[in-house]
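query39.cif follows; it contains mmCIF, C-alpha atoms.
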data_my_file
#
loop_
_atom_site.label_atom_id
_atom_site.label_comp_id
_atom_site.auth_asym_id
_atom_site.auth_seq_id
_atom_site.Cartn_x
_atom_site.Cartn_y
_atom_site.Cartn_z
CA MET A 165 -13.67 13.88 34.27
CA THR A 166 -11.46 11.37 36.07
CA TRP A 167 -9.40 8.61 34.42
CA SER A 168 -11.68 5.91 35.81
CA GLU A 169 -14.55 7.55 33.96
CA MET A 170 -12.54 8.05 30.77
CA GLN A 171 -11.12 4.53 30.55
CA PRO A 172 -14.29 2.56 29.62
CA LEU A 173 -15.27 5.24 27.11
CA LEU A 174 -11.83 5.19 25.47
CA GLU A 175 -11.69 1.39 25.36
CA GLN A 176 -15.07 1.07 23.65
CA ALA A 177 -14.35 3.93 21.25
CA SER A 178 -10.93 2.50 20.34
CA TRP A 179 -12.42 -0.91 19.66
CA ASP A 180 -15.14 0.63 17.48
CA THR A 181 -12.52 2.56 15.48
CA LEU A 182 -10.34 -0.51 14.95
CA TYR A 183 -13.39 -2.55 13.98
CA MET A 184 -14.49 -0.03 11.34
CA VAL A 185 -10.98 0.53 9.99
CA GLY A 186 -10.13 -3.19 9.92
CA TRP A 187 -13.14 -4.25 7.87
CA SER A 188 -12.90 -1.20 5.62
CA THR A 189 -9.24 -1.91 4.91
CA LEU A 190 -9.99 -5.53 4.03
CA ILE A 191 -12.72 -4.51 1.60
CA ALA A 192 -10.55 -1.75 0.14
CA VAL A 193 -7.68 -4.15 -0.53
CA VAL A 194 -9.95 -6.77 -2.08
CA GLY A 195 -11.60 -4.19 -4.32
CA GLY A 196 -8.71 -1.81 -4.95
CA LEU A 197 -5.98 -4.32 -5.80
CA PRO A 198 -7.60 -5.75 -8.97
CA LEU A 199 -8.82 -2.27 -9.92
CA GLY A 200 -5.30 -0.83 -9.72
CA ILE A 201 -3.83 -3.74 -11.69
CA LEU A 202 -6.56 -3.31 -14.31
CA LEU A 203 -5.55 0.33 -14.76
CA VAL A 204 -1.99 -0.79 -15.50
CA LEU A 205 -2.88 -3.68 -17.79
CA THR A 206 -5.33 -1.68 -19.92
CA ASP A 207 -3.09 1.36 -20.29
CA ARG A 208 -1.33 2.15 -23.56
CA GLY A 209 1.40 -0.44 -24.05
CA GLY A 210 -0.05 -2.68 -21.34
CA LEU A 211 -0.65 -6.40 -21.59
CA LEU A 212 -4.39 -5.83 -22.16
CA GLY A 213 -4.12 -2.45 -23.87
CA ASN A 214 -7.64 -1.03 -24.09
CA GLN A 215 -7.88 2.74 -24.01
CA ALA A 216 -11.68 2.80 -23.69
CA VAL A 217 -11.72 0.62 -20.58
CA ASN A 218 -8.74 2.46 -19.13
CA LYS A 219 -10.24 5.92 -19.57
CA VAL A 220 -13.66 4.95 -18.21
CA THR A 221 -12.14 3.18 -15.20
CA GLY A 222 -9.75 6.04 -14.57
CA GLN A 223 -12.53 8.63 -14.66
CA VAL A 224 -14.65 6.63 -12.21
CA VAL A 225 -11.68 6.37 -9.85
CA ASN A 226 -10.91 10.08 -10.16
CA ILE A 227 -14.50 11.13 -9.46
CA ALA A 228 -14.73 8.85 -6.43
CA ARG A 229 -11.41 10.13 -5.06
CA SER A 230 -12.34 13.78 -5.52
CA MET A 231 -15.54 13.54 -3.47
CA PRO A 232 -15.15 14.73 0.15
CA PHE A 233 -15.83 11.91 2.57
CA ILE A 234 -18.51 13.72 4.56
CA ILE A 235 -20.48 14.27 1.32
CA LEU A 236 -19.90 10.65 0.29
CA MET A 237 -21.45 9.44 3.53
CA VAL A 238 -24.57 11.51 2.94
CA ALA A 239 -24.81 10.46 -0.72
CA LEU A 240 -24.58 6.77 0.20
CA MET A 241 -27.15 6.82 3.00
CA ASP A 242 -29.80 4.98 0.97
CA PHE A 243 -27.28 2.38 -0.21
CA THR A 244 -25.95 2.01 3.35
CA ARG A 245 -29.46 1.48 4.68
CA TRP A 246 -30.10 -1.14 1.98
CA VAL A 247 -26.89 -3.01 2.86
CA THR A 248 -26.90 -2.82 6.66
CA GLY A 249 -30.49 -1.84 7.50
CA THR A 250 -29.37 1.35 9.26
CA THR A 251 -27.35 4.51 8.72
CA ILE A 252 -26.06 4.83 12.31
CA GLY A 253 -23.40 2.79 14.03
CA ARG A 254 -20.07 1.21 13.18
CA GLU A 255 -21.51 -1.36 10.75
CA ALA A 256 -23.17 1.41 8.74
CA ALA A 257 -19.94 3.42 8.69
CA ILE A 258 -18.03 0.55 7.06
CA VAL A 259 -19.96 0.99 3.80
CA PRO A 260 -18.89 4.58 2.97
CA LEU A 261 -15.45 3.99 4.47
CA ALA A 262 -14.79 1.03 2.18
CA ILE A 263 -16.26 2.68 -0.91
CA GLY A 264 -14.20 5.80 -0.30
CA ALA A 265 -11.01 3.82 0.27
CA ILE A 266 -11.24 1.55 -2.80
CA PRO A 267 -10.35 4.21 -5.42
CA PHE A 268 -7.75 5.69 -3.07
CA PHE A 269 -6.00 2.34 -2.70
CA ALA A 270 -6.41 1.55 -6.41
CA ARG A 271 -4.32 4.58 -7.40
CA LEU A 272 -1.62 3.57 -4.92
CA VAL A 273 -1.62 0.05 -6.38
CA GLU A 274 -1.32 1.47 -9.88
CA THR A 275 1.74 3.50 -8.88
CA ALA A 276 3.34 0.50 -7.14
CA VAL A 277 2.80 -1.89 -10.05
CA ARG A 278 4.17 0.59 -12.60
CA GLU A 279 7.50 0.50 -10.76
CA VAL A 280 8.06 -3.17 -11.66
CA ASP A 281 10.90 -3.67 -14.14
CA GLY A 282 9.50 -4.23 -17.61
CA GLY A 283 12.34 -6.60 -18.40
CA LEU A 284 10.92 -9.15 -15.96
CA VAL A 285 7.56 -9.00 -17.71
CA GLU A 286 9.20 -9.47 -21.10
CA ALA A 287 11.19 -12.44 -19.79
CA VAL A 288 8.05 -14.21 -18.58
CA GLN A 289 6.33 -13.46 -21.88
CA ALA A 290 9.29 -14.96 -23.74
CA MET A 291 8.87 -18.15 -21.71
CA GLY A 292 5.21 -18.38 -22.73
CA GLY A 293 3.59 -16.89 -19.63
CA ASN A 294 0.09 -15.50 -20.01
CA THR A 295 -1.33 -12.36 -18.42
CA TRP A 296 -2.54 -14.14 -15.27
CA THR A 297 0.88 -15.73 -14.79
CA ILE A 298 2.61 -12.36 -15.16
CA VAL A 299 0.29 -10.75 -12.63
CA ARG A 300 0.63 -13.59 -10.14
CA LYS A 301 4.34 -14.34 -10.55
CA VAL A 302 5.82 -10.93 -11.41
CA LEU A 303 3.67 -7.87 -10.83
CA ILE A 304 2.33 -8.67 -7.36
CA PRO A 305 5.49 -10.28 -5.86
CA GLU A 306 7.82 -7.59 -7.21
CA SER A 307 5.61 -4.73 -6.02
CA LEU A 308 4.75 -6.31 -2.66
CA PRO A 309 6.90 -3.95 -0.51
CA SER A 310 5.25 -0.94 -2.15
CA LEU A 311 1.83 -2.57 -1.75
CA ILE A 312 2.45 -3.00 1.98
CA ALA A 313 3.39 0.68 2.22
CA SER A 314 0.26 1.60 0.25
CA THR A 315 -1.89 -0.45 2.62
CA THR A 316 -0.36 1.36 5.57
CA THR A 317 -1.15 4.72 3.98
CA THR A 318 -4.73 3.58 3.38
CA ILE A 319 -5.16 2.48 7.00
CA VAL A 320 -3.94 5.84 8.28
CA ALA A 321 -6.32 7.65 5.91
CA LEU A 322 -9.22 5.44 7.04
CA ILE A 323 -8.55 6.33 10.67
CA GLY A 324 -9.04 9.97 9.74
CA TYR A 325 -12.18 9.11 7.77
CA SER A 326 -13.56 7.15 10.73
CA ALA A 327 -13.14 10.21 12.94
CA MET A 328 -15.30 12.17 10.49
CA ALA A 329 -17.81 9.31 10.43
CA GLY A 330 -18.14 9.75 14.18
CA THR A 331 -19.76 13.13 13.62
CA VAL A 332 -22.85 11.42 12.17
CA GLY A 333 -23.22 8.79 14.86
CA ALA A 334 -20.85 6.09 13.61
CA GLY A 335 -19.16 5.71 16.98
CA GLY A 336 -15.44 5.42 17.56
CA LEU A 337 -12.89 7.92 18.78
CA GLY A 338 -14.22 10.68 16.53
CA ASP A 339 -17.70 10.36 18.01
CA LEU A 340 -16.23 10.39 21.53
CA ALA A 341 -14.25 13.56 20.84
CA VAL A 342 -17.29 15.34 19.38
CA ARG A 343 -19.80 14.31 22.03
CA TYR A 344 -17.59 14.95 25.06
CA GLY A 345 -14.90 17.32 23.84
CA TYR A 346 -17.11 19.62 21.76
CA GLN A 347 -20.68 19.30 22.98
CA ARG A 348 -19.92 18.85 26.71
CA PHE A 349 -16.70 20.90 26.83
CA GLU A 350 -14.70 18.01 28.33
CA SER A 351 -11.38 19.22 26.95
CA ASP A 352 -9.36 16.70 28.98
CA LEU A 353 -11.09 13.76 27.33
CA MET A 354 -10.74 15.37 23.91
CA TRP A 355 -6.97 15.72 24.26
CA VAL A 356 -6.66 12.17 25.57
CA THR A 357 -8.59 11.02 22.50
CA VAL A 358 -6.18 12.93 20.25
CA ALA A 359 -3.25 11.28 22.03
CA VAL A 360 -4.76 7.81 21.56
CA LEU A 361 -5.25 8.48 17.85
CA ALA A 362 -1.64 9.65 17.55
CA VAL A 363 -0.36 6.51 19.27
CA VAL A 364 -2.49 4.19 17.13
CA ILE A 365 -1.36 5.88 13.91
CA SER A 366 2.30 5.79 14.97
CA VAL A 367 2.15 2.07 15.79
CA ILE A 368 0.44 1.22 12.49
CA GLN A 369 2.92 3.33 10.51
CA PHE A 370 5.90 1.74 12.25
CA ALA A 371 4.56 -1.78 11.67
CA GLY A 372 3.88 -1.06 8.00
CA ASP A 373 7.32 0.47 7.41
CA PHE A 374 9.01 -2.44 9.19
CA ALA A 375 7.14 -5.00 7.08
CA ALA A 376 7.87 -3.14 3.84
CA ARG A 377 11.60 -2.88 4.62
CA GLY A 378 11.73 -6.56 5.55
CA LEU A 379 10.12 -7.61 2.27
CA HIS A 380 12.40 -5.24 0.36
CA ARG A 381 15.52 -6.83 1.82
CA ARG A 382 14.18 -10.38 1.42
CA SER A 383 13.42 -9.79 -2.26
CA GLY A 384 17.09 -8.95 -2.86
CA HIS A 385 16.66 -5.28 -3.70
CA ALA A 386 19.17 -4.14 -1.09
CA GLY A 387 22.68 -3.30 -2.25
CA PRO A 388 23.99 -2.76 -5.76
CA ALA A 389 22.35 -4.53 -8.65
CA PRO A 390 23.93 -7.84 -9.77
CA ARG A 391 24.77 -6.38 -13.17
CA LEU A 392 26.63 -3.50 -11.56
CA ARG A 393 28.55 -5.86 -9.30
CA PHE A 394 29.48 -8.00 -12.29
CA LEU A 395 30.77 -5.02 -14.25
CA ARG A 396 32.66 -3.74 -11.25
CA ASP A 397 34.37 -7.10 -10.69
CA ARG A 398 35.15 -7.46 -14.37
CA ASP A 399 36.74 -4.02 -14.54
CA ALA A 400 38.79 -4.65 -11.42
CA ALA A 401 40.11 -8.05 -12.60
CA PRO A 402 43.41 -8.14 -14.57
CA GLU A 403 43.26 -8.89 -18.24
CA ARG A 404 43.83 -12.53 -19.16
CA SER A 405 45.01 -14.06 -22.37
CA PRO A 406 42.84 -16.49 -24.33
CA GLU A 407 44.96 -19.40 -23.04
CA GLN A 408 44.40 -18.39 -19.42
CA SER A 409 40.69 -17.95 -20.06
CA ALA A 410 40.55 -21.49 -21.46
CA GLY A 411 42.31 -22.87 -18.40
CA GLN A 412 45.65 -23.53 -20.21
CA PRO A 413 48.96 -22.21 -18.87
CA PRO A 414 50.57 -19.48 -20.98
CA GLU A 415 53.54 -20.37 -23.11
CA PRO A 416 56.91 -19.42 -21.60
CA VAL A 417 58.58 -16.36 -23.03
CA LYS A 418 61.68 -17.21 -25.05
CA SER A 419 64.95 -15.49 -24.19
CA SER A 420 65.24 -14.19 -27.77
CA GLU A 421 61.97 -12.33 -27.34
CA LEU A 422 63.11 -10.47 -24.27
CA PRO A 423 63.98 -6.82 -24.89
CA ALA A 424 67.64 -5.93 -25.04
CA PRO A 425 69.03 -4.31 -21.88
#

Translate this file's structure into structure tokens.
Amino acid sequence: MTWSEMQPLLEQASWDTLYMVGWSTLIAVVGGLPLGILLVLTDRGGLLGNQAVNKVTGQVVNIARSMPFIILMVALMDFTRWVTGTTIGREAAIVPLAIGAIPFFARLVETAVREVDGGLVEAVQAMGGNTWTIVRKVLIPESLPSLIASTTTTIVALIGYSAMAGTVGAGGLGDLAVRYGYQRFESDLMWVTVAVLAVVISVIQFAGDFAARGLHRRSGHAGPAPRLRFLRDRDAAPERSPEQSAGQPPEPVKSSELPAP
């Protein structure tokens, strides 16, 4: 197969993959972010400590995460048909992709939010902040670099899921590789498809890492902590008398107080 024959196929398949992954990521973030925060808030010692809700939610997330994606697609066929009217095509593939990614992203959100310093939460509580204020002003802003990295990981995972969805007629690069590389023995097109997937994943990973590092530096996490700098400067400074600390010059030393030669 020549490049002129491959190009339109690759362009359409790439667009289908990005379409499926884009919408699935958006739904996963919208559904997984509050779910992950809920797991943190309802945990033991959390702001909304409720062990019953936490255990039930955690079990649902664990069961959904443990199910292989190819089985999840088959199990959700009736639901997919009810939502989209079909079980074939990129629109139909968005349903199992999003449902499979929500618990995956929720666990990443839970890990990111748990890394927030508890002292900041206590400070906002001391100032009278409620749970919604703490979530909006502390938990999400402070964990934003980790959330960006989690979103990048989810996108990369969804690209792999979309390739599997191509085996059941969802379209995209996975469908192209199966139909031409496997069924028609067009190995050249299959390897070009693999290369395109590698490039797309590399670009997405680089962009996500760059954004996460930028937010990390902007939030002031780079360099030593302010408390450590303060202690270091204090230890390096010479000791001062109470008069010098108060801004008054020290009294002159009398000649009678000088030690004898």

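Remark: for A:Ala256, the closest of the candidate residues A:Thr315, A:Gln289, A:Ser326, A:Ser307 is A:Ser326 (distances computed over only C-alpha atoms).
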
key: Selection result for the PyMOL selection byres ((chain A and resi 348-361) around 9) on this file, as a ChimeraX atom specification   = /A:165,167,170,174,178,323,337-338,340-347,362-366

message = Selection in question (the file shown): the PyMOL selection byres ((chain A and resi 229) around 12). Which residues does it include, as number ranges by chain?
response = A: 222-228, 230-233, 235-236, 263-272

Determine, for each residue of stretch 300-395 of chain A having at least one atom at most 12 Å from an atom of stretch 200-209 of chain A, the closest pair of atoms and their separation in Å to one decimal, counting all atoms listed in the file; order by chain and ascending number, as JSON lines.
{"residue": "A:Arg300", "atom": "CA", "partner": "A:Ile201", "partner_atom": "CA", "distance": 10.9}
{"residue": "A:Leu303", "atom": "CA", "partner": "A:Ile201", "partner_atom": "CA", "distance": 8.6}
{"residue": "A:Ile304", "atom": "CA", "partner": "A:Ile201", "partner_atom": "CA", "distance": 9.0}
{"residue": "A:Ser307", "atom": "CA", "partner": "A:Ile201", "partner_atom": "CA", "distance": 11.1}
{"residue": "A:Leu311", "atom": "CA", "partner": "A:Gly200", "partner_atom": "CA", "distance": 10.8}
{"residue": "A:Ser314", "atom": "CA", "partner": "A:Gly200", "partner_atom": "CA", "distance": 11.7}

note = Students should find that atom CA of A:Pro172 and atom CA of A:Ala371 are spaced 26.4 Å

query = What is the atom CA of A:Phe370-atom CA of A:Thr181 distance in Å, reported with one decimal?
reply = 18.7 Å
